[in-house]
$ cat structure-v2.csv   # CSV, C-alpha atoms
chain,number,residue,atom,x,y,z
A,1,MET,CA,20.5,105.3,181.8
A,2,SER,CA,18.8,102.4,183.5
A,3,ILE,CA,16.5,100.2,181.5
A,4,ASP,CA,13.6,98.8,183.3
A,5,ILE,CA,13.5,95.2,182.3
A,6,LYS,CA,10.6,93.2,183.7
A,7,PRO,CA,11.3,89.5,183.7
A,8,GLU,CA,8.5,86.9,183.2
A,9,HIS,CA,6.9,86.2,186.5
A,10,LYS,CA,7.6,82.8,187.9
A,11,PRO,CA,4.6,80.6,188.5
A,12,GLU,CA,3.9,79.6,192.1
A,13,GLY,CA,6.0,76.8,193.2
A,14,ILE,CA,8.6,75.4,195.7
A,15,GLU,CA,12.1,76.7,195.2
A,16,GLY,CA,15.3,75.5,196.6
A,17,ALA,CA,19.0,75.4,195.8
A,18,GLY,CA,19.2,74.1,192.2
A,19,PHE,CA,15.6,73.1,191.8
A,20,PHE,CA,12.1,74.6,191.2
A,21,ALA,CA,9.0,72.6,191.5
A,22,THR,CA,5.6,73.6,190.1
A,23,SER,CA,2.7,72.1,188.3
A,24,LEU,CA,3.1,70.9,184.7
A,25,GLU,CA,0.0,72.9,183.8
A,26,LYS,CA,1.7,76.2,184.8
A,27,VAL,CA,4.9,75.4,182.9
A,28,VAL,CA,3.1,74.4,179.7
A,29,GLY,CA,0.9,77.6,180.0
A,30,LEU,CA,4.0,79.7,180.3
A,31,ALA,CA,5.6,78.1,177.3
A,32,ARG,CA,2.4,78.3,175.2
A,33,ALA,CA,1.7,82.0,176.1
A,34,ASN,CA,5.2,83.1,175.0
A,35,SER,CA,5.3,81.3,171.7
A,36,LEU,CA,1.8,81.8,170.2
A,37,TRP,CA,1.8,81.2,166.4
A,38,PRO,CA,-0.8,83.6,164.9
A,39,LEU,CA,-2.7,82.9,161.7
A,40,PRO,CA,-3.4,86.4,160.2
A,41,PHE,CA,-6.8,86.3,158.5
A,42,ALA,CA,-6.5,89.8,157.2
A,43,THR,CA,-9.2,91.1,154.8
A,44,SER,CA,-9.0,94.9,154.9
A,45,CYS,CA,-7.5,97.9,156.6
A,46,CYS,CA,-7.1,96.2,160.0
A,47,GLY,CA,-4.7,93.9,158.2
A,48,ILE,CA,-2.5,97.0,157.3
A,49,GLU,CA,-2.4,98.0,161.0
A,50,PHE,CA,-1.4,94.4,161.8
A,51,MET,CA,1.5,94.7,159.3
A,52,ALA,CA,2.7,97.7,161.3
A,53,THR,CA,2.4,95.7,164.5
A,54,MET,CA,4.6,93.0,162.9
A,55,ALA,CA,7.2,95.4,161.6
A,56,SER,CA,10.2,96.7,163.5
A,57,HIS,CA,8.6,99.7,165.1
A,58,TYR,CA,6.0,97.8,167.2
A,59,ASP,CA,7.6,94.4,166.8
A,60,LEU,CA,5.3,91.6,167.8
A,61,ALA,CA,8.4,89.4,168.1
A,62,ARG,CA,9.0,90.9,171.5
A,63,PHE,CA,6.1,88.8,172.7
A,64,GLY,CA,7.1,85.6,171.1
A,65,SER,CA,4.7,85.8,168.2
A,66,GLU,CA,6.9,86.6,165.3
A,67,ARG,CA,6.3,83.3,163.5
A,68,LEU,CA,3.2,83.7,161.5
A,69,SER,CA,1.6,80.5,160.4
A,70,PHE,CA,-0.2,80.5,157.1
A,71,SER,CA,-1.3,77.0,157.6
A,72,PRO,CA,-4.2,76.7,160.1
A,73,ARG,CA,-3.0,73.3,161.2
A,74,GLN,CA,0.1,74.8,162.9
A,75,ALA,CA,-1.5,77.9,164.3
A,76,ASP,CA,-2.5,78.6,167.9
A,77,LEU,CA,-4.2,81.9,167.4
A,78,LEU,CA,-6.6,82.9,164.7
A,79,MET,CA,-6.5,86.7,164.2
A,80,VAL,CA,-9.5,87.9,162.2
A,81,MET,CA,-8.8,91.4,160.9
A,82,GLY,CA,-11.3,93.1,158.7
A,83,THR,CA,-14.7,92.9,157.1
A,84,ILE,CA,-16.0,89.3,156.7
A,85,SER,CA,-18.6,89.1,154.0
A,86,LYS,CA,-21.3,86.5,154.3
A,87,LYS,CA,-19.7,84.7,151.4
A,88,MET,CA,-16.4,84.5,153.3
A,89,GLY,CA,-18.1,83.2,156.4
A,90,PRO,CA,-17.9,79.4,155.6
A,91,ILE,CA,-14.3,79.8,154.6
A,92,LEU,CA,-13.4,81.4,158.0
A,93,ARG,CA,-15.3,78.7,159.8
A,94,GLN,CA,-13.4,76.0,157.8
A,95,VAL,CA,-10.1,77.7,158.8
A,96,TYR,CA,-11.1,77.6,162.4
A,97,GLU,CA,-12.1,74.0,162.2
A,98,GLN,CA,-8.8,73.0,160.7
A,99,MET,CA,-6.8,74.5,163.6
A,100,ALA,CA,-5.6,72.0,166.2
A,101,GLU,CA,-6.4,72.4,169.9
A,102,PRO,CA,-5.5,74.5,171.9
A,103,LYS,CA,-6.7,77.4,169.8
A,104,TRP,CA,-7.8,81.0,170.5
A,105,VAL,CA,-9.6,83.6,168.4
A,106,LEU,CA,-8.9,87.3,168.4
A,107,SER,CA,-11.4,89.5,166.6
A,108,MET,CA,-9.7,92.8,165.6
A,109,GLY,CA,-11.6,95.9,164.8
A,110,ALA,CA,-15.3,97.0,164.5
A,111,CYS,CA,-16.0,95.0,161.3
A,112,ALA,CA,-14.8,91.6,162.6
A,113,SER,CA,-16.5,92.2,166.0
A,114,SER,CA,-19.9,93.6,164.9
A,115,GLY,CA,-20.0,94.3,161.2
A,116,GLY,CA,-18.9,97.8,161.9
A,117,ILE,CA,-20.2,100.5,159.5
A,118,PHE,CA,-21.2,97.7,157.1
A,119,ASP,CA,-24.7,97.1,158.3
A,120,THR,CA,-25.7,95.6,155.0
A,121,TYR,CA,-27.1,92.5,153.4
A,122,SER,CA,-23.7,91.2,152.2
A,123,VAL,CA,-21.6,91.5,155.4
A,124,LEU,CA,-21.5,89.2,158.4
A,125,GLN,CA,-22.5,91.1,161.5
A,126,GLY,CA,-19.7,89.9,163.7
A,127,ILE,CA,-17.6,86.7,163.4
A,128,ASP,CA,-19.0,85.5,166.7
A,129,ARG,CA,-22.1,84.5,164.7
A,130,ILE,CA,-20.1,81.6,163.2
A,131,ILE,CA,-17.1,80.9,165.5
A,132,PRO,CA,-16.4,81.5,169.2
A,133,VAL,CA,-14.2,84.5,170.0
A,134,ASP,CA,-11.8,84.9,173.0
A,135,VAL,CA,-10.7,88.6,172.7
A,136,TYR,CA,-12.3,91.5,170.9
A,137,ILE,CA,-10.2,94.6,170.0
A,138,PRO,CA,-12.3,97.8,169.5
A,139,GLY,CA,-11.3,100.4,167.0
A,140,CYS,CA,-11.6,101.3,163.3
A,141,PRO,CA,-8.9,100.3,162.7
A,142,PRO,CA,-7.3,99.8,166.2
A,143,ARG,CA,-3.8,101.2,166.7
A,144,PRO,CA,-0.9,98.7,166.9
A,145,GLU,CA,-0.7,99.3,170.6
A,146,GLN,CA,-4.2,97.9,170.9
A,147,VAL,CA,-3.3,94.9,168.9
A,148,LEU,CA,-0.4,94.2,171.2
A,149,ASP,CA,-2.7,94.6,174.2
A,150,GLY,CA,-5.2,92.1,172.7
A,151,ILE,CA,-2.4,89.6,172.2
A,152,LEU,CA,-1.2,90.1,175.8
A,153,LYS,CA,-4.8,89.3,176.8
A,154,ILE,CA,-4.7,86.1,174.8
A,155,GLN,CA,-1.4,85.3,176.5
A,156,GLU,CA,-3.1,85.7,179.9
A,157,LEU,CA,-5.9,83.4,178.8
A,158,SER,CA,-3.4,80.7,177.6
A,159,LYS,CA,-1.3,81.0,180.8
A,160,SER,CA,-4.2,80.4,183.1
A,161,GLU,CA,-6.0,77.8,181.0
A,162,SER,CA,-6.2,74.3,182.4
A,163,LEU,CA,-4.7,71.7,180.1
A,164,ARG,CA,-7.9,69.8,180.3
A,165,ARG,CA,-10.3,72.7,179.9
A,166,ARG,CA,-11.0,71.8,176.3
A,167,ASP,CA,-12.3,68.4,177.4
A,168,THR,CA,-14.8,70.0,179.8
A,169,PRO,CA,-18.5,69.8,179.1
A,170,GLU,CA,-18.7,73.6,179.3
A,171,TYR,CA,-16.2,74.0,176.4
A,172,LYS,CA,-17.9,71.3,174.4
A,173,ALA,CA,-21.3,73.0,175.0
A,174,GLN,CA,-19.9,76.3,173.8
A,175,LEU,CA,-18.6,74.7,170.6
A,176,ALA,CA,-21.9,72.9,170.1
A,177,LEU,CA,-23.7,76.3,170.1
A,178,TYR,CA,-21.8,77.0,166.9
A,179,GLY,CA,-22.4,73.5,165.6
A,180,ILE,CA,-18.7,72.7,165.7
A,181,GLU,CA,-17.7,69.2,166.8
B,182,MET,CA,-19.3,115.8,121.2
B,183,SER,CA,-22.8,116.6,120.0
B,184,ASP,CA,-21.5,115.5,116.5
B,185,LEU,CA,-21.2,112.1,118.0
B,186,LEU,CA,-24.7,112.3,119.2
B,187,THR,CA,-26.2,113.1,115.8
B,188,THR,CA,-23.9,110.7,113.9
B,189,VAL,CA,-24.8,107.7,116.0
B,190,ALA,CA,-28.5,108.7,116.3
B,191,ASP,CA,-28.8,109.0,112.5
B,192,LYS,CA,-27.2,105.6,112.0
B,193,LEU,CA,-29.4,104.0,114.6
B,194,LYS,CA,-32.6,105.7,113.2
B,195,GLU,CA,-31.8,104.6,109.7
B,196,LYS,CA,-31.1,101.0,110.8
B,197,PHE,CA,-33.8,100.4,113.4
B,198,GLY,CA,-36.6,102.9,112.5
B,199,PRO,CA,-39.4,102.8,115.0
B,200,ALA,CA,-37.5,100.8,117.6
B,201,PHE,CA,-35.3,103.8,118.1
B,202,ILE,CA,-36.8,105.9,120.9
B,203,SER,CA,-34.6,108.8,121.8
B,204,ALA,CA,-31.1,110.4,121.8
B,205,GLU,CA,-30.0,113.0,124.3
B,206,MET,CA,-27.0,114.5,126.0
B,207,ASP,CA,-26.9,113.6,129.7
B,208,TYR,CA,-24.4,116.3,130.9
B,209,ASP,CA,-21.6,115.6,128.4
B,210,PHE,CA,-22.5,112.0,127.7
B,211,PRO,CA,-24.5,110.8,124.6
B,212,VAL,CA,-27.3,108.5,125.7
B,213,PHE,CA,-29.5,106.5,123.3
B,214,THR,CA,-32.7,104.7,124.3
B,215,LEU,CA,-34.0,101.9,122.1
B,216,GLU,CA,-36.7,99.1,122.3
B,217,LYS,CA,-35.4,96.0,124.1
B,218,SER,CA,-36.5,93.9,121.1
B,219,VAL,CA,-33.5,95.2,119.1
B,220,LEU,CA,-30.9,95.0,121.9
B,221,TYR,CA,-28.7,92.3,120.5
B,222,GLU,CA,-28.9,93.8,117.0
B,223,THR,CA,-28.0,97.3,118.2
B,224,LEU,CA,-24.9,96.3,120.1
B,225,SER,CA,-23.8,94.0,117.3
B,226,PHE,CA,-24.3,96.8,114.8
B,227,LEU,CA,-22.4,99.4,116.9
B,228,LYS,CA,-19.5,97.1,117.1
B,229,SER,CA,-19.3,95.9,113.5
B,230,GLU,CA,-20.3,99.0,111.6
B,231,PRO,CA,-16.9,100.4,110.4
B,232,GLU,CA,-17.9,104.0,110.7
B,233,LEU,CA,-19.0,103.6,114.4
B,234,ASN,CA,-16.5,100.9,115.5
B,235,PHE,CA,-17.5,100.8,119.2
B,236,ASN,CA,-15.1,97.9,119.9
B,237,PHE,CA,-14.9,98.0,123.7
B,238,LEU,CA,-17.6,97.2,126.2
B,239,THR,CA,-16.9,99.3,129.3
B,240,THR,CA,-19.6,98.1,131.6
B,241,ILE,CA,-23.2,96.9,132.0
B,242,ALA,CA,-25.4,98.3,134.7
B,243,GLY,CA,-28.9,97.6,135.8
B,244,ILE,CA,-31.3,100.2,137.2
B,245,HIS,CA,-34.5,99.8,139.1
B,246,TYR,CA,-37.2,102.5,138.9
B,247,PRO,CA,-40.1,101.1,141.0
B,248,ASP,CA,-42.4,104.0,140.2
B,249,MET,CA,-42.2,103.9,136.4
B,250,LYS,CA,-45.1,101.7,135.3
B,251,GLU,CA,-44.1,99.1,132.7
B,252,LYS,CA,-40.6,100.5,132.7
B,253,GLU,CA,-39.5,99.3,136.1
B,254,PHE,CA,-36.2,98.0,135.0
B,255,CYS,CA,-33.5,99.4,132.8
B,256,ILE,CA,-30.3,97.9,131.5
B,257,THR,CA,-27.5,100.2,130.3
B,258,TYR,CA,-24.5,99.4,128.2
B,259,HIS,CA,-21.4,101.7,128.1
B,260,LEU,CA,-19.5,101.4,124.8
B,261,HIS,CA,-16.1,102.9,123.9
B,262,ASN,CA,-14.5,103.4,120.6
B,263,LEU,CA,-10.9,103.1,121.5
B,264,PHE,CA,-9.6,104.4,118.1
B,265,LEU,CA,-11.3,107.8,118.4
B,266,ASN,CA,-12.0,107.8,122.1
B,267,HIS,CA,-15.7,108.1,121.7
B,268,ARG,CA,-18.0,106.9,124.5
B,269,ILE,CA,-21.8,106.3,124.4
B,270,ARG,CA,-24.4,104.9,126.7
B,271,LEU,CA,-27.4,102.8,125.6
B,272,LYS,CA,-30.6,102.3,127.6
B,273,PHE,CA,-33.2,99.6,127.3
B,274,TYR,CA,-36.3,99.7,129.5
B,275,MET,CA,-38.5,96.7,130.4
B,276,PRO,CA,-41.4,95.9,132.7
B,277,GLU,CA,-40.9,93.8,135.8
B,278,SER,CA,-43.0,91.0,134.3
B,279,ASP,CA,-40.5,90.5,131.4
B,280,MET,CA,-36.9,90.5,132.6
B,281,LYS,CA,-35.6,88.5,129.7
B,282,VAL,CA,-32.5,90.2,128.0
B,283,PRO,CA,-30.5,88.6,125.2
B,284,SER,CA,-27.0,87.8,126.3
B,285,ILE,CA,-24.2,89.6,124.4
B,286,THR,CA,-21.5,87.2,125.4
B,287,HIS,CA,-21.1,86.2,121.8
B,288,ILE,CA,-20.3,89.8,120.8
B,289,TRP,CA,-18.0,90.6,123.8
B,290,PRO,CA,-16.9,87.6,125.9
B,291,THR,CA,-16.2,90.1,128.7
B,292,ALA,CA,-20.0,90.5,129.1
B,293,ASN,CA,-20.0,87.1,130.8
B,294,TRP,CA,-19.2,88.2,134.3
B,295,MET,CA,-20.9,91.6,133.9
B,296,GLU,CA,-24.2,89.8,133.1
B,297,ARG,CA,-23.7,87.5,136.0
B,298,GLN,CA,-23.4,90.5,138.3
B,299,GLU,CA,-26.6,92.1,136.9
B,300,TYR,CA,-28.4,88.8,137.4
B,301,ASP,CA,-27.0,88.6,140.9
B,302,PHE,CA,-28.2,92.0,142.0
B,303,PHE,CA,-31.4,92.7,139.9
B,304,GLY,CA,-32.5,89.3,138.5
B,305,PHE,CA,-32.2,90.1,134.8
B,306,ASN,CA,-32.6,86.8,132.9
B,307,PHE,CA,-30.0,86.8,130.2
B,308,THR,CA,-31.1,84.3,127.6
B,309,GLY,CA,-28.2,82.5,125.9
B,310,HIS,CA,-25.7,83.1,128.7
B,311,PRO,CA,-23.4,80.1,129.1
B,312,ASP,CA,-23.3,80.1,132.9
B,313,LEU,CA,-25.9,82.4,134.5
B,314,ARG,CA,-25.4,82.1,138.3
B,315,ARG,CA,-24.5,84.4,141.2
B,316,ILE,CA,-21.0,85.9,141.1
B,317,LEU,CA,-20.6,88.3,144.1
B,318,ASN,CA,-23.3,87.4,146.7
B,319,MET,CA,-23.4,84.1,148.5
B,320,ASP,CA,-25.1,81.2,146.6
B,321,GLU,CA,-27.7,80.8,149.3
B,322,MET,CA,-29.2,84.3,148.8
B,323,ASN,CA,-32.8,84.0,147.7
B,324,TYR,CA,-33.5,87.5,146.5
B,325,PHE,CA,-32.0,90.2,144.3
B,326,PRO,CA,-30.7,92.8,146.8
B,327,LEU,CA,-30.5,95.9,144.7
B,328,ARG,CA,-34.2,95.8,143.9
B,329,LYS,CA,-35.6,98.7,145.9
B,330,GLN,CA,-38.3,96.8,147.8
B,331,TYR,CA,-35.5,95.2,149.9
B,332,PRO,CA,-33.9,96.9,152.8
B,333,LEU,CA,-30.2,97.7,152.7
B,334,GLU,CA,-29.5,96.7,156.3
B,335,ASP,CA,-28.9,93.1,157.5
B,336,GLY,CA,-32.2,91.8,158.8
B,337,SER,CA,-30.6,89.8,161.6
B,338,ARG,CA,-29.5,92.7,163.7
B,339,ASP,CA,-31.7,93.4,166.8
B,340,ASP,CA,-29.5,96.1,168.4
B,341,LYS,CA,-30.5,99.0,166.1
B,342,ASN,CA,-34.1,99.6,167.1
B,343,ASP,CA,-35.4,102.9,168.5
B,344,LYS,CA,-35.3,101.6,172.1
B,345,GLN,CA,-31.5,101.3,171.9
B,346,PHE,CA,-31.2,105.0,170.9
B,347,GLY,CA,-33.7,106.2,173.5
B,348,ARG,CA,-36.5,107.1,171.1
$ encode --input "structure-v2.csv" --output "structure tokens"
Amino acid sequence: MSIDIKPEHKPEGIEGAGFFATSLEKVVGLARANSLWPLPFATSCCGIEFMATMASHYDLARFGSERLSFSPRQADLLMVMGTISKKMGPILRQVYEQMAEPKWVLSMGACASSGGIFDTYSVLQGIDRIIPVDVYIPGCPPRPEQVLDGILKIQELSKSESLRRRDTPEYKAQLALYGIE
Amino acid sequence: MSDLLTTVADKLKEKFGPAFISAEMDYDFPVFTLEKSVLYETLSFLKSEPELNFNFLTTIAGIHYPDMKEKEFCITYHLHNLFLNHRIRLKFYMPESDMKVPSITHIWPTANWMERQEYDFFGFNFTGHPDLRRILNMDEMNYFPLRKQYPLEDGSRDDKNDKQFGR
């Protein structure tokens, strides 16, 4: 039985006997993408699906994200999974602000992305009202395969992101929309 | 269980006279309605009277009846006698203009958070409560969301109008 192993694609560069030259940005992107530290902000049933994603059957460790960070200061990826009430909003925002650059946000499930079925006075109608979001995962709750797909999308973003993108006026303007310095 | 209804009703009638309004079985549950002016005395009496001995406060709940004139709001208390497993419910009606309710935190300390919740959702003003502020909703909220004049839906959504559904 042959196993189809797909190695990580090399970035573009110049290759010769014993050396490989490419831009620093691409190497850093490759390193970042394959060792994302997620911070699970799990508030409801999406969090249960995430537990399945972390466990041996789906095994997020295959993609270099087995190390969950429960401190926002060491996390690269904020995974918001579940209903965020309006009272929880400022806490989520504070967690986002405490994360060091570079940082990405993944919004998992209908509730985090849009309020979902909870169109009510006490629930935040999508976390993108208080923090910027990079990837949305649809579903109620999404299957672990969808979570993996979302994390691979974040990996693509982090691979292709310029090291200086977060100093750009566009990025700062985006944060200013949310009132984040 | 109708024995319970008559026993408690007789005791309350004897003690509070005209302030006692009605006693009825709501399905299998005895319900007593009294004037709000004797609320504190009623609950204190039901707990301390040795023959009644309702020693446990199960819950407090508010109700809004917008169409009942001068009886727009109702506060209910569920009591439980844990020795005999007897449960009763008490109702006190009040007009919207007078939402003052005596706090019963001195009878049951557990009433503290229950009363905060009823304040949070209906705006009952519990006099004598040690710390009457919102408990579940965010502090910035400026209305009482379970009063029926307010919509359930979040007001900030603009993607749920008829146009979006082709109507």
$ interface_residues --input "structure-v2.csv" --of "chain B" --to "chain A" --cutoff "6 Å" --atoms "all atoms listed in the file" --output "ChimeraX atom specification"
/B:319,333-335
$ closest_residue --input "structure-v2.csv" --among "A:Ser71, A:Ser65, A:Gln174, A:Ser44" --to "Pro141 of chain A" --atoms "all atoms listed in the file"
A:Ser44
$ atom_distance --input "structure-v2.csv" --atom1 "atom CA of Pro142 of chain A" --atom2 "atom CA of Leu39 of chain A"
18.1 Å
$ atom_distance --input "structure-v2.csv" --atom1 "atom CA of Asp340 of chain B" --atom2 "atom CA of Leu317 of chain B"
27.0 Å
$ residues_around --input "structure-v2.csv" --residues "Thr214 of chain B" --least-positions-apart "3" --cutoff "9 Å" --atoms "all atoms listed in the file" --output "list in words"
Phe201, Ile202, Ser203, Ala204, Glu205, Arg270, Leu271, Lys272, Phe273 and Tyr274 of chain B
$ write_last_selection --input "structure-v2.csv" --atoms "C-alpha atoms" --output "tab-separated table (two decimals), keeping the file's coordinate frame"
chain	number	residue	atom	x	y	z
B	201	PHE	CA	-35.30	103.80	118.10
B	202	ILE	CA	-36.80	105.90	120.90
B	203	SER	CA	-34.60	108.80	121.80
B	204	ALA	CA	-31.10	110.40	121.80
B	205	GLU	CA	-30.00	113.00	124.30
B	270	ARG	CA	-24.40	104.90	126.70
B	271	LEU	CA	-27.40	102.80	125.60
B	272	LYS	CA	-30.60	102.30	127.60
B	273	PHE	CA	-33.20	99.60	127.30
B	274	TYR	CA	-36.30	99.70	129.50
$ residues_around --input "structure-v2.csv" --residues "Arg297 of chain B" --least-positions-apart "5" --cutoff "12 Å" --atoms "all atoms listed in the file" --output "ChimeraX atom specification"
/B:241-243,284-286,291-292,302-308,310-318
$ write_last_selection --input "structure-v2.csv" --atoms "C-alpha atoms" --output "tab-separated table (two decimals), in the coordinates of the input"
chain	number	residue	atom	x	y	z
B	241	ILE	CA	-23.20	96.90	132.00
B	242	ALA	CA	-25.40	98.30	134.70
B	243	GLY	CA	-28.90	97.60	135.80
B	284	SER	CA	-27.00	87.80	126.30
B	285	ILE	CA	-24.20	89.60	124.40
B	286	THR	CA	-21.50	87.20	125.40
B	291	THR	CA	-16.20	90.10	128.70
B	292	ALA	CA	-20.00	90.50	129.10
B	302	PHE	CA	-28.20	92.00	142.00
B	303	PHE	CA	-31.40	92.70	139.90
B	304	GLY	CA	-32.50	89.30	138.50
B	305	PHE	CA	-32.20	90.10	134.80
B	306	ASN	CA	-32.60	86.80	132.90
B	307	PHE	CA	-30.00	86.80	130.20
B	308	THR	CA	-31.10	84.30	127.60
B	310	HIS	CA	-25.70	83.10	128.70
B	311	PRO	CA	-23.40	80.10	129.10
B	312	ASP	CA	-23.30	80.10	132.90
B	313	LEU	CA	-25.90	82.40	134.50
B	314	ARG	CA	-25.40	82.10	138.30
B	315	ARG	CA	-24.50	84.40	141.20
B	316	ILE	CA	-21.00	85.90	141.10
B	317	LEU	CA	-20.60	88.30	144.10
B	318	ASN	CA	-23.30	87.40	146.70
$ closest_residue --input "structure-v2.csv" --among "A:Pro38, A:Gly47, A:Pro132, A:Pro102" --to "Gly64 of chain A" --atoms "only C-alpha atoms"
A:Pro38
$ residues_around --input "structure-v2.csv" --residues "Thr22 of chain A" --least-positions-apart "2" --cutoff "7 Å" --atoms "only C-alpha atoms" --output "number ranges by chain"
A: 12-14, 20, 24
$ decode --input "structure-v2.csv" --residues "segment 72-100 of chain A" --atoms "C-alpha atoms" --output "PDB file, in the first residue's frame"
ATOM      1  CA  PRO A  72      -3.363  35.742  24.697  1.00  0.00           C
ATOM      2  CA  ARG A  73       0.163  37.148  24.886  1.00  0.00           C
ATOM      3  CA  GLN A  74       1.660  34.008  23.361  1.00  0.00           C
ATOM      4  CA  ALA A  75      -1.077  33.207  20.866  1.00  0.00           C
ATOM      5  CA  ASP A  76      -1.031  33.813  17.112  1.00  0.00           C
ATOM      6  CA  LEU A  77      -4.571  32.838  16.284  1.00  0.00           C
ATOM      7  CA  LEU A  78      -7.726  33.775  18.175  1.00  0.00           C
ATOM      8  CA  MET A  79     -10.376  31.125  17.552  1.00  0.00           C
ATOM      9  CA  VAL A  80     -13.797  32.435  18.579  1.00  0.00           C
ATOM     10  CA  MET A  81     -16.161  29.490  18.861  1.00  0.00           C
ATOM     11  CA  GLY A  82     -19.681  30.030  20.072  1.00  0.00           C
ATOM     12  CA  THR A  83     -22.267  32.616  21.029  1.00  0.00           C
ATOM     13  CA  ILE A  84     -20.781  35.878  22.247  1.00  0.00           C
ATOM     14  CA  SER A  85     -23.216  37.821  24.411  1.00  0.00           C
ATOM     15  CA  LYS A  86     -23.040  41.578  24.492  1.00  0.00           C
ATOM     16  CA  LYS A  87     -21.738  41.362  28.028  1.00  0.00           C
ATOM     17  CA  MET A  88     -18.892  39.114  26.826  1.00  0.00           C
ATOM     18  CA  GLY A  89     -18.013  41.544  23.984  1.00  0.00           C
ATOM     19  CA  PRO A  90     -15.591  43.812  25.884  1.00  0.00           C
ATOM     20  CA  ILE A  91     -13.801  40.751  27.308  1.00  0.00           C
ATOM     21  CA  LEU A  92     -13.270  39.269  23.829  1.00  0.00           C
ATOM     22  CA  ARG A  93     -12.001  42.609  22.628  1.00  0.00           C
ATOM     23  CA  GLN A  94      -9.570  42.846  25.527  1.00  0.00           C
ATOM     24  CA  VAL A  95      -8.250  39.354  24.739  1.00  0.00           C
ATOM     25  CA  TYR A  96      -7.703  40.432  21.109  1.00  0.00           C
ATOM     26  CA  GLU A  97      -5.913  43.595  22.187  1.00  0.00           C
ATOM     27  CA  GLN A  98      -3.609  41.621  24.478  1.00  0.00           C
ATOM     28  CA  MET A  99      -2.379  39.408  21.632  1.00  0.00           C
ATOM     29  CA  ALA A 100       0.975  40.288  20.109  1.00  0.00           C
TER      30      ALA A 100
END
